[in-house]
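Text of input-v6.json, listed as JSON, C-alpha atoms:
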[["chain", "number", "residue", "atom", "x", "y", "z"],
["G", 1, "MET", "CA", 33.07, 20.39, -16.08],
["G", 2, "THR", "CA", 31.71, 21.13, -19.54],
["G", 3, "GLY", "CA", 29.16, 18.36, -20.05],
["G", 4, "PRO", "CA", 25.41, 18.88, -20.53],
["G", 5, "LEU", "CA", 23.47, 20.12, -17.52],
["G", 6, "ALA", "CA", 20.91, 18.01, -15.65],
["G", 7, "VAL", "CA", 18.57, 19.21, -12.90],
["G", 8, "VAL", "CA", 17.26, 16.68, -10.38],
["G", 9, "SER", "CA", 14.65, 17.76, -7.86],
["G", 10, "GLY", "CA", 14.85, 15.85, -4.62],
["G", 11, "GLY", "CA", 18.32, 14.93, -5.79],
["G", 12, "THR", "CA", 20.19, 14.56, -2.50],
["G", 13, "ARG", "CA", 18.55, 11.51, -0.92],
["G", 14, "GLY", "CA", 17.18, 8.07, -1.83],
["G", 15, "ILE", "CA", 16.35, 7.42, -5.46],
["G", 16, "GLY", "CA", 17.02, 11.06, -6.29],
["G", 17, "LEU", "CA", 20.58, 10.75, -5.04],
["G", 18, "ALA", "CA", 21.06, 7.68, -7.25],
["G", 19, "PHE", "CA", 19.84, 9.78, -10.19],
["G", 20, "THR", "CA", 22.30, 12.55, -9.36],
["G", 21, "ARG", "CA", 25.19, 10.10, -9.11],
["G", 22, "ARG", "CA", 24.25, 8.28, -12.32],
["G", 23, "LEU", "CA", 23.88, 11.46, -14.38],
["G", 24, "GLN", "CA", 27.22, 12.72, -13.09],
["G", 25, "LYS", "CA", 28.79, 9.39, -14.03],
["G", 26, "LEU", "CA", 27.34, 9.78, -17.54],
["G", 27, "GLY", "CA", 29.15, 13.10, -17.91],
["G", 28, "HIS", "CA", 26.46, 15.58, -16.91],
["G", 29, "ARG", "CA", 26.90, 18.55, -14.69],
["G", 30, "VAL", "CA", 24.12, 18.19, -12.11],
["G", 31, "VAL", "CA", 22.14, 20.64, -10.02],
["G", 32, "ALA", "CA", 20.42, 18.70, -7.23],
["G", 33, "LEU", "CA", 17.50, 20.51, -5.63],
["G", 34, "TYR", "CA", 16.62, 19.83, -2.00],
["G", 35, "ARG", "CA", 14.02, 21.19, 0.42],
["G", 36, "SER", "CA", 15.38, 21.00, 3.96],
["G", 37, "ASP", "CA", 18.04, 18.37, 4.66],
["G", 38, "GLU", "CA", 21.16, 20.53, 4.81],
["G", 39, "GLU", "CA", 23.40, 17.68, 5.93],
["G", 40, "ALA", "CA", 22.43, 15.48, 2.99],
["G", 41, "ALA", "CA", 22.95, 18.40, 0.62],
["G", 42, "ARG", "CA", 26.36, 19.14, 2.10],
["G", 43, "GLN", "CA", 27.47, 15.54, 1.59],
["G", 44, "VAL", "CA", 26.30, 15.46, -2.02],
["G", 45, "ALA", "CA", 27.71, 18.81, -3.15],
["G", 46, "ASP", "CA", 30.95, 18.41, -5.09],
["G", 47, "PRO", "CA", 31.48, 21.41, -7.38],
["G", 48, "GLY", "CA", 34.81, 20.06, -8.59],
["G", 49, "ALA", "CA", 32.99, 16.99, -9.90],
["G", 50, "GLY", "CA", 30.18, 19.07, -11.36],
["G", 51, "ILE", "CA", 27.54, 18.50, -8.64],
["G", 52, "HIS", "CA", 25.89, 21.59, -7.18],
["G", 53, "VAL", "CA", 22.99, 21.86, -4.75],
["G", 54, "VAL", "CA", 20.24, 24.46, -4.63],
["G", 55, "ARG", "CA", 17.61, 24.75, -1.92],
["G", 56, "ALA", "CA", 14.00, 25.03, -3.06],
["G", 57, "ASP", "CA", 10.55, 24.27, -1.73],
["G", 58, "LEU", "CA", 8.80, 23.32, -4.95],
["G", 59, "ALA", "CA", 5.37, 23.54, -3.32],
["G", 60, "ASP", "CA", 5.97, 27.31, -3.20],
["G", 61, "PRO", "CA", 5.88, 28.92, -6.67],
["G", 62, "ASP", "CA", 8.14, 31.77, -5.54],
["G", 63, "SER", "CA", 10.75, 29.36, -4.19],
["G", 64, "ALA", "CA", 10.56, 27.30, -7.38],
["G", 65, "ALA", "CA", 11.00, 30.46, -9.48],
["G", 66, "ALA", "CA", 14.04, 31.47, -7.44],
["G", 67, "ALA", "CA", 15.58, 28.03, -8.03],
["G", 68, "VAL", "CA", 14.94, 28.34, -11.76],
["G", 69, "ASP", "CA", 16.65, 31.73, -11.82],
["G", 70, "THR", "CA", 19.65, 30.30, -9.97],
["G", 71, "VAL", "CA", 19.96, 27.35, -12.32],
["G", 72, "LEU", "CA", 19.75, 29.42, -15.49],
["G", 73, "SER", "CA", 21.98, 32.26, -14.33],
["G", 74, "ALA", "CA", 24.65, 30.24, -12.54],
["G", 75, "HIS", "CA", 24.69, 26.97, -14.44],
["G", 76, "GLY", "CA", 23.02, 27.44, -17.82],
["G", 77, "THR", "CA", 20.23, 25.65, -19.67],
["G", 78, "PRO", "CA", 19.57, 22.04, -18.71],
["G", 79, "ARG", "CA", 19.36, 19.31, -21.28],
["G", 80, "VAL", "CA", 17.82, 16.93, -18.73],
["G", 81, "LEU", "CA", 15.20, 17.64, -16.06],
["G", 82, "VAL", "CA", 14.23, 14.95, -13.56],
["G", 83, "ASN", "CA", 11.13, 15.84, -11.53],
["G", 84, "ASN", "CA", 11.72, 13.54, -8.59],
["G", 85, "ALA", "CA", 10.83, 15.61, -5.50],
["G", 86, "GLY", "CA", 7.83, 14.29, -3.64],
["G", 87, "VAL", "CA", 6.22, 14.02, -0.25],
["G", 88, "ASN", "CA", 3.89, 11.43, 1.24],
["G", 89, "ILE", "CA", 1.50, 12.14, 4.13],
["G", 90, "ASP", "CA", -0.83, 9.19, 4.69],
["G", 91, "ARG", "CA", -4.17, 9.75, 6.40],
["G", 92, "PRO", "CA", -7.67, 8.28, 6.08],
["G", 93, "PHE", "CA", -9.61, 10.49, 3.68],
["G", 94, "LEU", "CA", -12.21, 11.55, 6.25],
["G", 95, "GLU", "CA", -9.44, 12.60, 8.62],
["G", 96, "MET", "CA", -7.23, 14.33, 6.05],
["G", 97, "SER", "CA", -6.72, 18.04, 6.63],
["G", 98, "VAL", "CA", -6.68, 20.67, 3.92],
["G", 99, "ASP", "CA", -3.00, 21.32, 4.71],
["G", 100, "GLU", "CA", -2.16, 17.61, 4.28],
["G", 101, "TRP", "CA", -3.96, 17.56, 0.95],
["G", 102, "ARG", "CA", -2.31, 20.73, -0.29],
["G", 103, "ARG", "CA", 1.20, 19.90, 0.87],
["G", 104, "VAL", "CA", 1.24, 16.62, -1.06],
["G", 105, "VAL", "CA", -0.52, 17.83, -4.20],
["G", 106, "ASP", "CA", 1.40, 21.11, -4.29],
["G", 107, "THR", "CA", 4.74, 19.31, -4.05],
["G", 108, "ASN", "CA", 4.12, 16.24, -6.19],
["G", 109, "LEU", "CA", 2.07, 17.82, -8.98],
["G", 110, "SER", "CA", 2.14, 21.62, -8.85],
["G", 111, "GLY", "CA", 5.87, 21.55, -8.12],
["G", 112, "VAL", "CA", 6.45, 19.70, -11.38],
["G", 113, "PHE", "CA", 4.45, 22.38, -13.19],
["G", 114, "TYR", "CA", 6.40, 25.23, -11.55],
["G", 115, "LEU", "CA", 9.82, 23.78, -12.23],
["G", 116, "THR", "CA", 9.15, 22.53, -15.75],
["G", 117, "ARG", "CA", 7.33, 25.72, -16.74],
["G", 118, "GLY", "CA", 10.32, 27.71, -15.53],
["G", 119, "LEU", "CA", 13.01, 25.69, -17.31],
["G", 120, "ALA", "CA", 11.27, 24.43, -20.46],
["G", 121, "PRO", "CA", 11.36, 27.70, -22.45],
["G", 122, "ALA", "CA", 15.15, 27.84, -22.25],
["G", 123, "MET", "CA", 15.38, 24.12, -23.05],
["G", 124, "VAL", "CA", 13.25, 24.57, -26.17],
["G", 125, "GLU", "CA", 15.07, 27.74, -27.27],
["G", 126, "SER", "CA", 18.48, 26.11, -26.89],
["G", 127, "GLY", "CA", 17.91, 24.11, -30.06],
["G", 128, "GLU", "CA", 19.23, 20.98, -28.34],
["G", 129, "ASP", "CA", 17.23, 17.81, -27.91],
["G", 130, "GLY", "CA", 16.25, 17.47, -24.26],
["G", 131, "SER", "CA", 14.55, 15.04, -21.92],
["G", 132, "VAL", "CA", 12.16, 15.55, -19.03],
["G", 133, "VAL", "CA", 11.56, 12.57, -16.79],
["G", 134, "ASN", "CA", 8.76, 12.75, -14.24],
["G", 135, "ILE", "CA", 8.99, 10.25, -11.39],
["G", 136, "GLY", "CA", 5.60, 8.70, -10.83],
["G", 137, "ALA", "CA", 4.36, 5.96, -8.53],
["G", 138, "THR", "CA", 2.45, 2.72, -8.92],
["G", 139, "THR", "CA", -0.28, 4.26, -6.78],
["G", 140, "GLY", "CA", -0.89, 6.76, -9.56],
["G", 141, "ILE", "CA", -2.57, 3.83, -11.35],
["G", 142, "ARG", "CA", -3.56, 1.49, -8.55],
["G", 143, "PRO", "CA", -5.12, 3.21, -5.49],
["G", 144, "ARG", "CA", -4.38, 2.37, -1.88],
["G", 145, "LEU", "CA", -5.96, 3.12, 1.46],
["G", 146, "ASN", "CA", -5.10, 6.35, 3.28],
["G", 147, "GLY", "CA", -3.33, 7.87, 0.27],
["G", 148, "ALA", "CA", -5.95, 9.92, -1.57],
["G", 149, "ASN", "CA", -3.67, 12.96, -1.72],
["G", 150, "TYR", "CA", -0.62, 11.01, -2.92],
["G", 151, "CYS", "CA", -2.52, 8.81, -5.38],
["G", 152, "ALA", "CA", -4.32, 11.80, -6.89],
["G", 153, "SER", "CA", -1.07, 13.74, -7.28],
["G", 154, "LYS", "CA", 0.68, 10.86, -9.04],
["G", 155, "ALA", "CA", -2.32, 10.12, -11.27],
["G", 156, "GLY", "CA", -2.32, 13.78, -12.28],
["G", 157, "LEU", "CA", 1.39, 13.56, -13.01],
["G", 158, "LEU", "CA", 0.76, 10.80, -15.57],
["G", 159, "GLN", "CA", -1.63, 13.01, -17.50],
["G", 160, "LEU", "CA", 0.63, 16.06, -17.14],
["G", 161, "THR", "CA", 3.43, 13.97, -18.65],
["G", 162, "LYS", "CA", 1.34, 13.29, -21.75],
["G", 163, "CYS", "CA", 0.29, 16.92, -22.12],
["G", 164, "LEU", "CA", 3.88, 18.12, -21.83],
["G", 165, "ALA", "CA", 5.01, 15.51, -24.35],
["G", 166, "LEU", "CA", 2.52, 16.94, -26.84],
["G", 167, "GLU", "CA", 3.34, 20.58, -26.23],
["G", 168, "LEU", "CA", 7.12, 20.42, -25.88],
["G", 169, "ALA", "CA", 7.56, 18.22, -28.97],
["G", 170, "PRO", "CA", 9.47, 17.77, -31.15],
["G", 171, "ARG", "CA", 12.53, 19.08, -29.34],
["G", 172, "ILE", "CA", 11.85, 17.92, -25.77],
["G", 173, "ARG", "CA", 10.82, 14.36, -24.89],
["G", 174, "VAL", "CA", 8.76, 13.86, -21.73],
["G", 175, "ASN", "CA", 8.26, 10.47, -20.09],
["G", 176, "CYS", "CA", 7.22, 9.12, -16.71],
["G", 177, "LEU", "CA", 9.38, 6.64, -14.80],
["G", 178, "ILE", "CA", 7.39, 4.62, -12.25],
["G", 179, "PRO", "CA", 9.43, 2.78, -9.63],
["G", 180, "GLY", "CA", 7.96, -0.16, -7.77],
["G", 181, "MET", "CA", 9.12, -1.25, -4.33],
["G", 182, "THR", "CA", 12.62, 0.18, -4.04],
["G", 183, "GLU", "CA", 15.02, -0.31, -1.16],
["G", 184, "THR", "CA", 15.29, 3.14, 0.40],
["G", 185, "GLU", "CA", 15.32, 4.19, 4.03],
["G", 186, "GLU", "CA", 11.86, 5.69, 3.69],
["G", 187, "LEU", "CA", 10.36, 2.56, 2.14],
["G", 188, "VAL", "CA", 11.98, 0.21, 4.66],
["G", 189, "THR", "CA", 10.37, 2.22, 7.45],
["G", 190, "ARG", "CA", 6.94, 2.52, 5.82],
["G", 191, "PHE", "CA", 6.63, -1.17, 4.95],
["G", 192, "ARG", "CA", 8.62, -2.56, 7.90],
["G", 193, "LEU", "CA", 11.00, -4.32, 5.54],
["G", 194, "ASP", "CA", 13.50, -4.85, 8.35],
["G", 195, "ASP", "CA", 11.02, -7.41, 9.71],
["G", 196, "ALA", "CA", 11.48, -10.80, 8.03],
["G", 197, "GLU", "CA", 7.78, -11.64, 7.93],
["G", 198, "SER", "CA", 6.81, -8.28, 6.47],
["G", 199, "ARG", "CA", 9.54, -8.50, 3.84],
["G", 200, "ALA", "CA", 8.49, -12.02, 2.88],
["G", 201, "ALA", "CA", 4.90, -10.84, 2.38],
["G", 202, "VAL", "CA", 6.10, -8.11, 0.03],
["G", 203, "LEU", "CA", 8.41, -10.42, -1.90],
["G", 204, "ALA", "CA", 5.56, -12.88, -2.44],
["G", 205, "GLU", "CA", 3.80, -10.23, -4.56],
["G", 206, "ILE", "CA", 6.81, -9.57, -6.82],
["G", 207, "PRO", "CA", 7.55, -12.11, -9.58],
["G", 208, "ARG", "CA", 11.26, -11.20, -9.52],
["G", 209, "ARG", "CA", 11.22, -12.07, -5.80],
["G", 210, "ARG", "CA", 13.35, -9.14, -4.73],
["G", 211, "ILE", "CA", 13.00, -5.51, -3.77],
["G", 212, "GLY", "CA", 14.29, -3.12, -6.41],
["G", 213, "THR", "CA", 17.50, -1.20, -5.82],
["G", 214, "VAL", "CA", 18.08, 2.48, -6.47],
["G", 215, "ASP", "CA", 20.50, 1.39, -9.20],
["G", 216, "ASP", "CA", 17.69, -0.52, -10.93],
["G", 217, "ILE", "CA", 15.73, 2.73, -11.12],
["G", 218, "ALA", "CA", 18.80, 4.71, -12.17],
["G", 219, "ASP", "CA", 19.30, 2.20, -15.01],
["G", 220, "ALA", "CA", 15.82, 3.08, -16.26],
["G", 221, "LEU", "CA", 16.56, 6.79, -15.98],
["G", 222, "GLU", "CA", 19.75, 6.28, -17.99],
["G", 223, "PHE", "CA", 17.66, 4.71, -20.74],
["G", 224, "LEU", "CA", 15.08, 7.52, -20.71],
["G", 225, "VAL", "CA", 17.65, 10.31, -21.03],
["G", 226, "GLY", "CA", 19.86, 8.45, -23.49],
["G", 227, "PRO", "CA", 19.83, 7.79, -27.24],
["G", 228, "GLY", "CA", 18.16, 4.41, -26.84],
["G", 229, "SER", "CA", 14.84, 6.14, -26.09],
["G", 230, "ALA", "CA", 15.15, 8.83, -28.77],
["G", 231, "TYR", "CA", 11.80, 7.84, -30.32],
["G", 232, "MET", "CA", 9.97, 7.54, -27.00],
["G", 233, "THR", "CA", 7.84, 10.32, -25.53],
["G", 234, "GLY", "CA", 4.60, 10.61, -23.57],
["G", 235, "GLN", "CA", 5.07, 7.11, -22.14],
["G", 236, "LYS", "CA", 5.30, 5.48, -18.74],
["G", 237, "LEU", "CA", 8.07, 3.04, -17.87],
["G", 238, "VAL", "CA", 7.17, 0.83, -14.92],
["G", 239, "MET", "CA", 10.12, -0.70, -13.03],
["G", 240, "ASP", "CA", 8.45, -2.89, -10.41],
["G", 241, "GLY", "CA", 9.76, -6.43, -10.89],
["G", 242, "GLY", "CA", 6.47, -7.43, -12.49],
["G", 243, "GLN", "CA", 4.37, -6.67, -9.41],
["G", 244, "PHE", "CA", 1.49, -5.10, -11.31],
["G", 245, "MET", "CA", 2.10, -5.65, -15.07],
["G", 246, "TRP", "CA", 0.03, -2.72, -16.31]]

When written as structure tokens, how does the structure in this file appear?
Amino acid sequence: MTGPLAVVSGGTRGIGLAFTRRLQKLGHRVVALYRSDEEAARQVADPGAGIHVVRADLADPDSAAAAVDTVLSAHGTPRVLVNNAGVNIDRPFLEMSVDEWRRVVDTNLSGVFYLTRGLAPAMVESGEDGSVVNIGATTGIRPRLNGANYCASKAGLLQLTKCLALELAPRIRVNCLIPGMTETEELVTRFRLDDAESRAAVLAEIPRRRIGTVDDIADALEFLVGPGSAYMTGQKLVMDGGQFMW
């Protein structure tokens, strides 16, 4: 495989897996980062097809640095970086522990800083146009109960996206992709979408009257890393079926 390199954090499950598959289909070599699910990583890894997996806990700056070293030394300089890894630990604010706050913020926000700070210098120095896509959340704009840690991390990610777009220009574009309700195992469990009444209540809030698919979100990623968005940076792209219309 000799195509451009893409790095996808959280790239072995859910939406991240769809990103890995789509980028590979578009001709990229892909390094998918994962934190702990060895079985998922084993199933995704396909070196012959240009898909490699690297374990990293992005909440830990040393682990993130080790992953950066592995990527650069073993696979080269990425042209695309997708900061998708995230964790959600819901708790009422007055009951939220320091560890629950730190784990979410360190993964969802600081992890993006660690990984991008590690890879961006090589991306800039390569002389190639590159794309960084940060995966946000609707709750980074619209708050919800019991999610102060998650909402704060995703709100911070929106502003980090803009700062990076300013500082990595003109060579590297940085945008934020914000999925709405997307049919993943984690979301089905959290919102009880396997229950007809619960699903109907969710659908009633979405003008498109359907839950998004991982391919819907991968379509948006394809746009953000492709030539059609060559003049777009520092922006947010909301893919939510019209649920919020920000």

Next on the checklist: What does the structure give for the distance between CA of Asp129 (chain G) and CA of Arg171 (chain G), in Å to one decimal?
Outcome noted: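 Computing it gives 5.1 Å between the two atoms.
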
Item to check | Distance in Å - CA of Arg209 (chain G) versus CA of Gly180 (chain G) | outcome: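 Value for the CA of Arg209 (chain G)-CA of Gly180 (chain G) distance: 12.5 Å.
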
Checklist entry - Given the choices G:Ser36, G:Ser97, G:Thr107, G:Asn175, which gets closest to Val80 (chain G) if the distance is worked out from all atoms listed in the file? => result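 Between G:Ser36, G:Ser97, G:Thr107, G:Asn175, the residue approaching Val80 (chain G) most closely is G:Asn175.
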
Next on the checklist: I'd like the neighbourhood of Ala56 (chain G) as a list in words, where a residue qualifies if any of its atoms comes within 7 Å (using all atoms listed in the file), though same-chain residues fewer than 3 positions away should be ignored.
Outcome noted: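 Selected residues are Leu33, Tyr34, Arg35, Ser63, Ala64 and Ala67 of chain G.
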
Item to check | Surrounding residues of Arg208 (chain G) excluding itself and chain neighbours under 5 positions, 12 Å, all atoms listed in the file, as a VMD selection string | outcome: chain G and resid 180 to 181 202 to 203 239 to 244

Checklist entry - Near Arg144 (chain G), counting all atoms listed in the file, which residues have an atom at most 12 Å away, once you skip same-chain residues fewer than 5 positions from it, shown as an MDAnalysis selection string? => result chainID G and resid 90:93 137:139 149:152

Hey, what's within 9 Å of Thr20 (chain G) if we count only C-alpha atoms and toss same-chain stuff fewer than 4 positions away? As an mmCIF file with C-alpha atoms, in the frame of the given file, please?
data_model
loop_
_atom_site.group_PDB
_atom_site.id
_atom_site.type_symbol
_atom_site.label_atom_id
_atom_site.label_comp_id
_atom_site.auth_asym_id
_atom_site.auth_seq_id
_atom_site.Cartn_x
_atom_site.Cartn_y
_atom_site.Cartn_z
ATOM 1 C CA ALA G 6 20.910 18.010 -15.650
ATOM 2 C CA VAL G 7 18.570 19.210 -12.900
ATOM 3 C CA VAL G 8 17.260 16.680 -10.380
ATOM 4 C CA GLY G 11 18.320 14.930 -5.790
ATOM 5 C CA THR G 12 20.190 14.560 -2.500
ATOM 6 C CA ILE G 15 16.350 7.420 -5.460
ATOM 7 C CA GLY G 16 17.020 11.060 -6.290
ATOM 8 C CA GLN G 24 27.220 12.720 -13.090
ATOM 9 C CA LYS G 25 28.790 9.390 -14.030
ATOM 10 C CA VAL G 30 24.120 18.190 -12.110
ATOM 11 C CA VAL G 31 22.140 20.640 -10.020
ATOM 12 C CA ALA G 32 20.420 18.700 -7.230
ATOM 13 C CA VAL G 44 26.300 15.460 -2.020
ATOM 14 C CA ILE G 51 27.540 18.500 -8.640
#

Checklist entry - Using all atoms listed in the file, which residue out of G:Ser153, G:Arg103, G:Phe223, G:Ala120 lies closest to Leu23 (chain G)? => result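 Of G:Ser153, G:Arg103, G:Phe223, G:Ala120, the one nearest Leu23 (chain G), counting all atoms listed in the file, is G:Phe223.
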
Checklist entry - With all atoms listed in the file as the atoms that count, which of G:Gln43, G:Ser126, G:Ser9, G:Gln159 lies nearest to Gly86 (chain G)? => result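 So, comparing all the options, the nearest one is G:Ser9.
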
Checklist entry - What is the CA of Ala155 (chain G)-CA of Gly228 (chain G) distance in Å, reported with one decimal? => result 26.4 Å

Checklist entry - Smallest atom-to-atom distance to Ala74 (chain G): which of G:Val112, G:Asp219, G:Leu177, G:Leu5, using only C-alpha atoms? => result G:Leu5

Checklist entry - Of the candidates G:Glu39, G:Glu100, G:Glu128, G:Asp106, which shows the shortest atom-to-atom distance to Pro78 (chain G), using all atoms listed in the file? => result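 Of the candidates, the smallest distance to Pro78 (chain G) is held by G:Glu128.
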